Amino acid sequence: MSGFPGVLRMAKRKVRRQARRLLGEDPVALVWCEVHRRIPRPPEEVHRAAGKGRLKPGHHWLLYVGAVLFFFVVVPMMLIDRLGGRLDRAQAPPRRQGPTPGGGRDRDPGREAANGVFDGDWSLTAGQLLLRWYGRSPNPKRLVLLTRDRVCLAASPRRRLSPTRAGDFRIVAEFPAREVSVEGEAGQPRGFATFRLCFSDGSWLEVGRLGEPEDADHFLRTIDD
C-alpha cells in the first residue's frame, strides 16, 4: 500500500486537532471502531506471556449498580416465579417425553477458534495486538487514523467517551503503510460496516461498530479507492 490520497474533511474540530498534534500532519481518513465480537480466549501460556491483560472492556459504574439491582430484586422474583411453576407441574399428571433432537452431539471444537475476529494465530501481529487491546484502554473504542505512509491506532484512557468530543486520545500502535493494508468496501449498510487490518505477516484483524457516519463513509471510500 503506497498511501492514501486526499485530506480528511469530516472529523469534528477537537478530534481533528488532536490527530494533527499527534501525527504531525492531517490524517487523510479516520474512524472510531471496536472489536465487534468477543475476543476469543487465548491459550493460558500465551495469555500469561503477554502479561495476562484484560480481554474484555471495562464497565461504567452504572453497570455495576444495575448488576446489584438485578441480583437483589430481579433474581428473587425469578426464583419465586420458578418455584410457583414447579408447584404447578408437581400437581399436573406426568407426560411422556421423547428423545431430544440433536441429543448427545458433541460441540464443534473449532467453533470458537477465532470467533471471526482475527486469523487465529496469537503469535502474529493481529493476535499480539488483540492481547493488548484493552491493556492500553478499558474503553473498547479505537480510533484508526490513515496518513499517506502510516496506519495508526489511538485510544482514550477514559472508560466512556464521546467520539465527536474525545480530544485526549493517544497513539497506542503505529505501522508503516508497507506493513499493513486496510481492506473494506464503500457503501456497506450503516451499523453493520466492517473493515480489516491485514498485516504483512499474513495475520488480520476485523473491526466494526464504526462511529460517526460521515467519518465512516469517508474512511470506507478512502480504503476502497
# chains A, B, ... in the order shown; residues from 1 in each chain; ligands from 1
call {"tool": "residues_around", "arguments": {"residues": "Arg221 in chain A", "least_positions_apart": "4", "cutoff": "12 Å", "atoms": "only C-alpha atoms", "output": "JSON list (two decimals) with all heavy atoms, in the first residue's frame"}}
result
[["chain", "number", "residue", "atom", "x", "y", "z"],
["A", 4, "PHE", "N", -2.52, 6.93, 1.01],
["A", 4, "PHE", "CA", -3.88, 7.35, 0.68],
["A", 4, "PHE", "C", -3.85, 8.79, 0.21],
["A", 4, "PHE", "O", -3.25, 9.66, 0.84],
["A", 4, "PHE", "CB", -4.77, 7.23, 1.92],
["A", 4, "PHE", "CG", -4.86, 5.84, 2.46],
["A", 4, "PHE", "CD1", -4.09, 5.46, 3.54],
["A", 4, "PHE", "CD2", -5.70, 4.91, 1.88],
["A", 4, "PHE", "CE1", -4.18, 4.18, 4.04],
["A", 4, "PHE", "CE2", -5.79, 3.64, 2.38],
["A", 4, "PHE", "CZ", -5.02, 3.27, 3.46],
["A", 5, "PRO", "N", -4.53, 9.09, -0.89],
["A", 5, "PRO", "CA", -4.59, 10.47, -1.35],
["A", 5, "PRO", "C", -5.63, 11.26, -0.57],
["A", 5, "PRO", "O", -6.48, 10.69, 0.11],
["A", 5, "PRO", "CB", -5.02, 10.32, -2.81],
["A", 5, "PRO", "CG", -5.85, 9.07, -2.82],
["A", 5, "PRO", "CD", -5.20, 8.16, -1.80],
["A", 6, "GLY", "N", -5.55, 12.57, -0.68],
["A", 6, "GLY", "CA", -6.61, 13.41, -0.11],
["A", 6, "GLY", "C", -6.33, 13.83, 1.31],
["A", 6, "GLY", "O", -5.34, 13.44, 1.93],
["A", 8, "LEU", "N", -8.40, 14.68, 5.18],
["A", 8, "LEU", "CA", -9.62, 14.50, 5.97],
["A", 8, "LEU", "C", -10.43, 15.79, 6.06],
["A", 8, "LEU", "O", -9.89, 16.85, 6.30],
["A", 8, "LEU", "CB", -9.23, 14.03, 7.38],
["A", 8, "LEU", "CG", -10.37, 13.89, 8.39],
["A", 8, "LEU", "CD1", -11.24, 12.72, 8.00],
["A", 8, "LEU", "CD2", -9.80, 13.70, 9.77],
["A", 28, "VAL", "N", -5.55, 11.50, 6.39],
["A", 28, "VAL", "CA", -6.42, 11.53, 5.20],
["A", 28, "VAL", "C", -7.78, 10.89, 5.51],
["A", 28, "VAL", "O", -8.75, 11.13, 4.79],
["A", 28, "VAL", "CB", -5.75, 10.83, 4.00],
["A", 28, "VAL", "CG1", -4.48, 11.54, 3.61],
["A", 28, "VAL", "CG2", -5.47, 9.36, 4.28],
["A", 29, "ALA", "N", -7.85, 10.07, 6.55],
["A", 29, "ALA", "CA", -9.12, 9.47, 6.97],
["A", 29, "ALA", "C", -8.97, 8.96, 8.39],
["A", 29, "ALA", "O", -7.86, 8.58, 8.81],
["A", 29, "ALA", "CB", -9.54, 8.34, 6.04],
["A", 30, "LEU", "N", -10.04, 8.96, 9.12],
["A", 30, "LEU", "CA", -10.04, 8.38, 10.46],
["A", 30, "LEU", "C", -11.44, 7.90, 10.79],
["A", 30, "LEU", "O", -12.43, 8.39, 10.23],
["A", 30, "LEU", "CB", -9.53, 9.37, 11.52],
["A", 30, "LEU", "CG", -10.27, 10.70, 11.76],
["A", 30, "LEU", "CD1", -11.56, 10.52, 12.54],
["A", 30, "LEU", "CD2", -9.35, 11.65, 12.51],
["A", 31, "VAL", "N", -11.53, 6.94, 11.71],
["A", 31, "VAL", "CA", -12.84, 6.47, 12.15],
["A", 31, "VAL", "C", -12.69, 5.77, 13.50],
["A", 31, "VAL", "O", -11.69, 5.09, 13.75],
["A", 31, "VAL", "CB", -13.46, 5.49, 11.11],
["A", 31, "VAL", "CG1", -12.70, 4.17, 11.06],
["A", 31, "VAL", "CG2", -14.94, 5.24, 11.40],
["A", 182, "VAL", "N", -5.37, -1.87, 4.63],
["A", 182, "VAL", "CA", -6.69, -1.71, 5.22],
["A", 182, "VAL", "C", -7.70, -2.04, 4.14],
["A", 182, "VAL", "O", -7.72, -1.41, 3.08],
["A", 182, "VAL", "CB", -6.90, -0.28, 5.73],
["A", 182, "VAL", "CG1", -8.21, -0.18, 6.52],
["A", 182, "VAL", "CG2", -5.73, 0.15, 6.61],
["A", 183, "GLU", "N", -8.52, -3.06, 4.39],
["A", 183, "GLU", "CA", -9.41, -3.58, 3.36],
["A", 183, "GLU", "C", -10.87, -3.47, 3.80],
["A", 183, "GLU", "O", -11.24, -3.90, 4.89],
["A", 183, "GLU", "CB", -9.08, -5.05, 3.06],
["A", 183, "GLU", "CG", -7.65, -5.24, 2.55],
["A", 183, "GLU", "CD", -7.32, -6.70, 2.27],
["A", 183, "GLU", "OE1", -8.21, -7.56, 2.51],
["A", 183, "GLU", "OE2", -6.20, -6.97, 1.82],
["A", 184, "GLY", "N", -11.67, -2.88, 2.96],
["A", 184, "GLY", "CA", -13.10, -2.74, 3.23],
["A", 184, "GLY", "C", -13.79, -2.22, 1.98],
["A", 184, "GLY", "O", -13.14, -1.78, 1.03],
["A", 185, "GLU", "N", -15.11, -2.24, 2.00],
["A", 185, "GLU", "CA", -15.89, -1.81, 0.85],
["A", 185, "GLU", "C", -16.74, -0.60, 1.20],
["A", 185, "GLU", "O", -17.34, -0.54, 2.28],
["A", 185, "GLU", "CB", -16.80, -2.94, 0.37],
["A", 185, "GLU", "CG", -16.04, -4.17, -0.14],
["A", 185, "GLU", "CD", -16.99, -5.25, -0.61],
["A", 185, "GLU", "OE1", -18.22, -5.02, -0.58],
["A", 185, "GLU", "OE2", -16.51, -6.32, -1.02],
["A", 186, "ALA", "N", -16.77, 0.34, 0.29],
["A", 186, "ALA", "CA", -17.64, 1.50, 0.46],
["A", 186, "ALA", "C", -19.10, 1.07, 0.29],
["A", 186, "ALA", "O", -19.40, 0.07, -0.36],
["A", 186, "ALA", "CB", -17.28, 2.58, -0.54],
["A", 187, "GLY", "N", -19.99, 1.84, 0.88],
["A", 187, "GLY", "CA", -21.41, 1.59, 0.70],
["A", 187, "GLY", "C", -21.97, 0.47, 1.55],
["A", 187, "GLY", "O", -23.09, 0.01, 1.30],
["A", 188, "GLN", "N", -21.25, 0.02, 2.57],
["A", 188, "GLN", "CA", -21.78, -1.01, 3.46],
["A", 188, "GLN", "C", -22.93, -0.43, 4.30],
["A", 188, "GLN", "O", -22.93, 0.76, 4.62],
["A", 188, "GLN", "CB", -20.69, -1.54, 4.38],
["A", 188, "GLN", "CG", -19.56, -2.24, 3.67],
["A", 188, "GLN", "CD", -18.56, -2.82, 4.67],
["A", 188, "GLN", "OE1", -18.92, -3.62, 5.55],
["A", 188, "GLN", "NE2", -17.31, -2.43, 4.55],
["A", 195, "PHE", "N", -14.25, -3.44, 8.50],
["A", 195, "PHE", "CA", -13.07, -3.45, 7.65],
["A", 195, "PHE", "C", -11.99, -4.26, 8.35],
["A", 195, "PHE", "O", -12.10, -4.59, 9.53],
["A", 195, "PHE", "CB", -12.58, -2.03, 7.31],
["A", 195, "PHE", "CG", -12.09, -1.23, 8.49],
["A", 195, "PHE", "CD1", -10.77, -1.29, 8.91],
["A", 195, "PHE", "CD2", -12.96, -0.38, 9.16],
["A", 195, "PHE", "CE1", -10.31, -0.54, 9.99],
["A", 195, "PHE", "CE2", -12.52, 0.39, 10.24],
["A", 195, "PHE", "CZ", -11.19, 0.30, 10.65],
["A", 214, "GLU", "N", -20.46, 10.04, 8.86],
["A", 214, "GLU", "CA", -19.71, 10.76, 7.84],
["A", 214, "GLU", "C", -18.24, 10.33, 7.82],
["A", 214, "GLU", "O", -17.65, 10.13, 6.75],
["A", 214, "GLU", "CB", -19.81, 12.27, 8.07],
["A", 214, "GLU", "CG", -21.18, 12.85, 7.77],
["A", 214, "GLU", "CD", -21.18, 14.36, 7.88],
["A", 214, "GLU", "OE1", -20.21, 14.91, 8.44],
["A", 214, "GLU", "OE2", -22.14, 14.99, 7.41],
["A", 215, "ASP", "N", -17.66, 10.18, 9.01],
["A", 215, "ASP", "CA", -16.28, 9.70, 9.09],
["A", 215, "ASP", "C", -16.17, 8.29, 8.53],
["A", 215, "ASP", "O", -15.22, 7.96, 7.81],
["A", 215, "ASP", "CB", -15.79, 9.70, 10.54],
["A", 215, "ASP", "CG", -15.56, 11.10, 11.08],
["A", 215, "ASP", "OD1", -15.51, 12.05, 10.27],
["A", 215, "ASP", "OD2", -15.45, 11.25, 12.30],
["A", 216, "ALA", "N", -17.14, 7.43, 8.89],
["A", 216, "ALA", "CA", -17.11, 6.03, 8.42],
["A", 216, "ALA", "C", -17.23, 5.96, 6.90],
["A", 216, "ALA", "O", -16.49, 5.22, 6.24],
["A", 216, "ALA", "CB", -18.24, 5.23, 9.09],
["A", 217, "ASP", "N", -18.15, 6.73, 6.32],
["A", 217, "ASP", "CA", -18.32, 6.71, 4.88],
["A", 217, "ASP", "C", -17.05, 7.19, 4.17],
["A", 217, "ASP", "O", -16.61, 6.61, 3.18],
["A", 217, "ASP", "CB", -19.50, 7.59, 4.47],
["A", 217, "ASP", "CG", -20.84, 6.98, 4.88],
["A", 217, "ASP", "OD1", -20.87, 5.77, 5.20],
["A", 217, "ASP", "OD2", -21.85, 7.72, 4.89],
["A", 225, "ASP", "N", -10.77, 2.97, -2.66],
["A", 225, "ASP", "CA", -10.25, 3.57, -3.90],
["A", 225, "ASP", "C", -9.06, 2.77, -4.44],
["A", 225, "ASP", "O", -8.25, 2.26, -3.66],
["A", 225, "ASP", "CB", -9.84, 5.02, -3.66],
["A", 225, "ASP", "CG", -11.05, 5.92, -3.53],
["A", 225, "ASP", "OD1", -12.16, 5.50, -3.94],
["A", 225, "ASP", "OD2", -10.91, 7.03, -2.98]]
call {"tool": "residues_around", "arguments": {"residues": "Cys198 in chain A", "least_positions_apart": "5", "cutoff": "8 Å", "atoms": "only C-alpha atoms", "output": "NGL selection string"}}
result
:A and (180-183 or 203-205)
call {"tool": "residues_around", "arguments": {"residues": "range 47-55 of chain A", "least_positions_apart": "5", "cutoff": "9 Å", "atoms": "only C-alpha atoms", "output": "list in words"}}
result
Arg38, Ile39, Pro40, Arg41, Pro42, Gln128, Leu130, Leu131, Arg132, Trp133, Tyr134, Gly135 and Pro138 of chain A
call {"tool": "write_last_selection", "arguments": {"atoms": "N, CA, C and O atoms", "output": "PDB file, in the first residue's frame"}}
result
ATOM      1  N   ARG A  38     -16.778 -10.812  20.606  1.00  0.00           N
ATOM      2  CA  ARG A  38     -16.000 -11.138  21.802  1.00  0.00           C
ATOM      3  C   ARG A  38     -14.619 -11.655  21.403  1.00  0.00           C
ATOM      4  O   ARG A  38     -14.484 -12.489  20.509  1.00  0.00           O
ATOM      5  N   ILE A  39     -13.583 -11.142  22.060  1.00  0.00           N
ATOM      6  CA  ILE A  39     -12.237 -11.638  21.808  1.00  0.00           C
ATOM      7  C   ILE A  39     -12.145 -13.069  22.328  1.00  0.00           C
ATOM      8  O   ILE A  39     -12.465 -13.330  23.492  1.00  0.00           O
ATOM      9  N   PRO A  40     -11.758 -14.026  21.488  1.00  0.00           N
ATOM     10  CA  PRO A  40     -11.669 -15.413  21.961  1.00  0.00           C
ATOM     11  C   PRO A  40     -10.597 -15.553  23.031  1.00  0.00           C
ATOM     12  O   PRO A  40      -9.639 -14.769  23.079  1.00  0.00           O
ATOM     13  N   ARG A  41     -10.762 -16.548  23.890  1.00  0.00           N
ATOM     14  CA  ARG A  41      -9.785 -16.734  24.964  1.00  0.00           C
ATOM     15  C   ARG A  41      -8.544 -17.413  24.417  1.00  0.00           C
ATOM     16  O   ARG A  41      -8.620 -18.489  23.830  1.00  0.00           O
ATOM     17  N   PRO A  42      -7.378 -16.811  24.615  1.00  0.00           N
ATOM     18  CA  PRO A  42      -6.138 -17.422  24.129  1.00  0.00           C
ATOM     19  C   PRO A  42      -5.690 -18.562  25.031  1.00  0.00           C
ATOM     20  O   PRO A  42      -6.177 -18.688  26.173  1.00  0.00           O
ATOM     21  N   GLN A 128      -1.164 -10.540  18.697  1.00  0.00           N
ATOM     22  CA  GLN A 128      -0.474  -9.783  19.737  1.00  0.00           C
ATOM     23  C   GLN A 128      -1.170  -8.453  20.006  1.00  0.00           C
ATOM     24  O   GLN A 128      -1.233  -7.991  21.147  1.00  0.00           O
ATOM     25  N   LEU A 130      -4.411  -7.949  19.699  1.00  0.00           N
ATOM     26  CA  LEU A 130      -5.615  -8.272  20.466  1.00  0.00           C
ATOM     27  C   LEU A 130      -5.300  -8.527  21.935  1.00  0.00           C
ATOM     28  O   LEU A 130      -6.065  -8.141  22.820  1.00  0.00           O
ATOM     29  N   LEU A 131      -4.180  -9.190  22.197  1.00  0.00           N
ATOM     30  CA  LEU A 131      -3.807  -9.500  23.578  1.00  0.00           C
ATOM     31  C   LEU A 131      -3.605  -8.228  24.403  1.00  0.00           C
ATOM     32  O   LEU A 131      -3.746  -8.253  25.628  1.00  0.00           O
ATOM     33  N   ARG A 132      -3.294  -7.133  23.742  1.00  0.00           N
ATOM     34  CA  ARG A 132      -3.039  -5.867  24.435  1.00  0.00           C
ATOM     35  C   ARG A 132      -4.110  -4.818  24.141  1.00  0.00           C
ATOM     36  O   ARG A 132      -3.942  -3.646  24.471  1.00  0.00           O
ATOM     37  N   TRP A 133      -5.210  -5.238  23.524  1.00  0.00           N
ATOM     38  CA  TRP A 133      -6.238  -4.288  23.078  1.00  0.00           C
ATOM     39  C   TRP A 133      -6.800  -3.470  24.229  1.00  0.00           C
ATOM     40  O   TRP A 133      -6.910  -2.247  24.154  1.00  0.00           O
ATOM     41  N   TYR A 134      -7.172  -4.148  25.339  1.00  0.00           N
ATOM     42  CA  TYR A 134      -7.762  -3.445  26.474  1.00  0.00           C
ATOM     43  C   TYR A 134      -6.728  -3.062  27.518  1.00  0.00           C
ATOM     44  O   TYR A 134      -7.062  -2.384  28.490  1.00  0.00           O
ATOM     45  N   GLY A 135      -5.473  -3.481  27.332  1.00  0.00           N
ATOM     46  CA  GLY A 135      -4.429  -3.073  28.255  1.00  0.00           C
ATOM     47  C   GLY A 135      -4.096  -1.598  28.114  1.00  0.00           C
ATOM     48  O   GLY A 135      -3.694  -0.943  29.079  1.00  0.00           O
ATOM     49  N   PRO A 138      -9.388   0.712  28.831  1.00  0.00           N
ATOM     50  CA  PRO A 138     -10.524  -0.158  29.127  1.00  0.00           C
ATOM     51  C   PRO A 138     -11.705   0.094  28.217  1.00  0.00           C
ATOM     52  O   PRO A 138     -12.636  -0.703  28.170  1.00  0.00           O
TER      53      PRO A 138
END
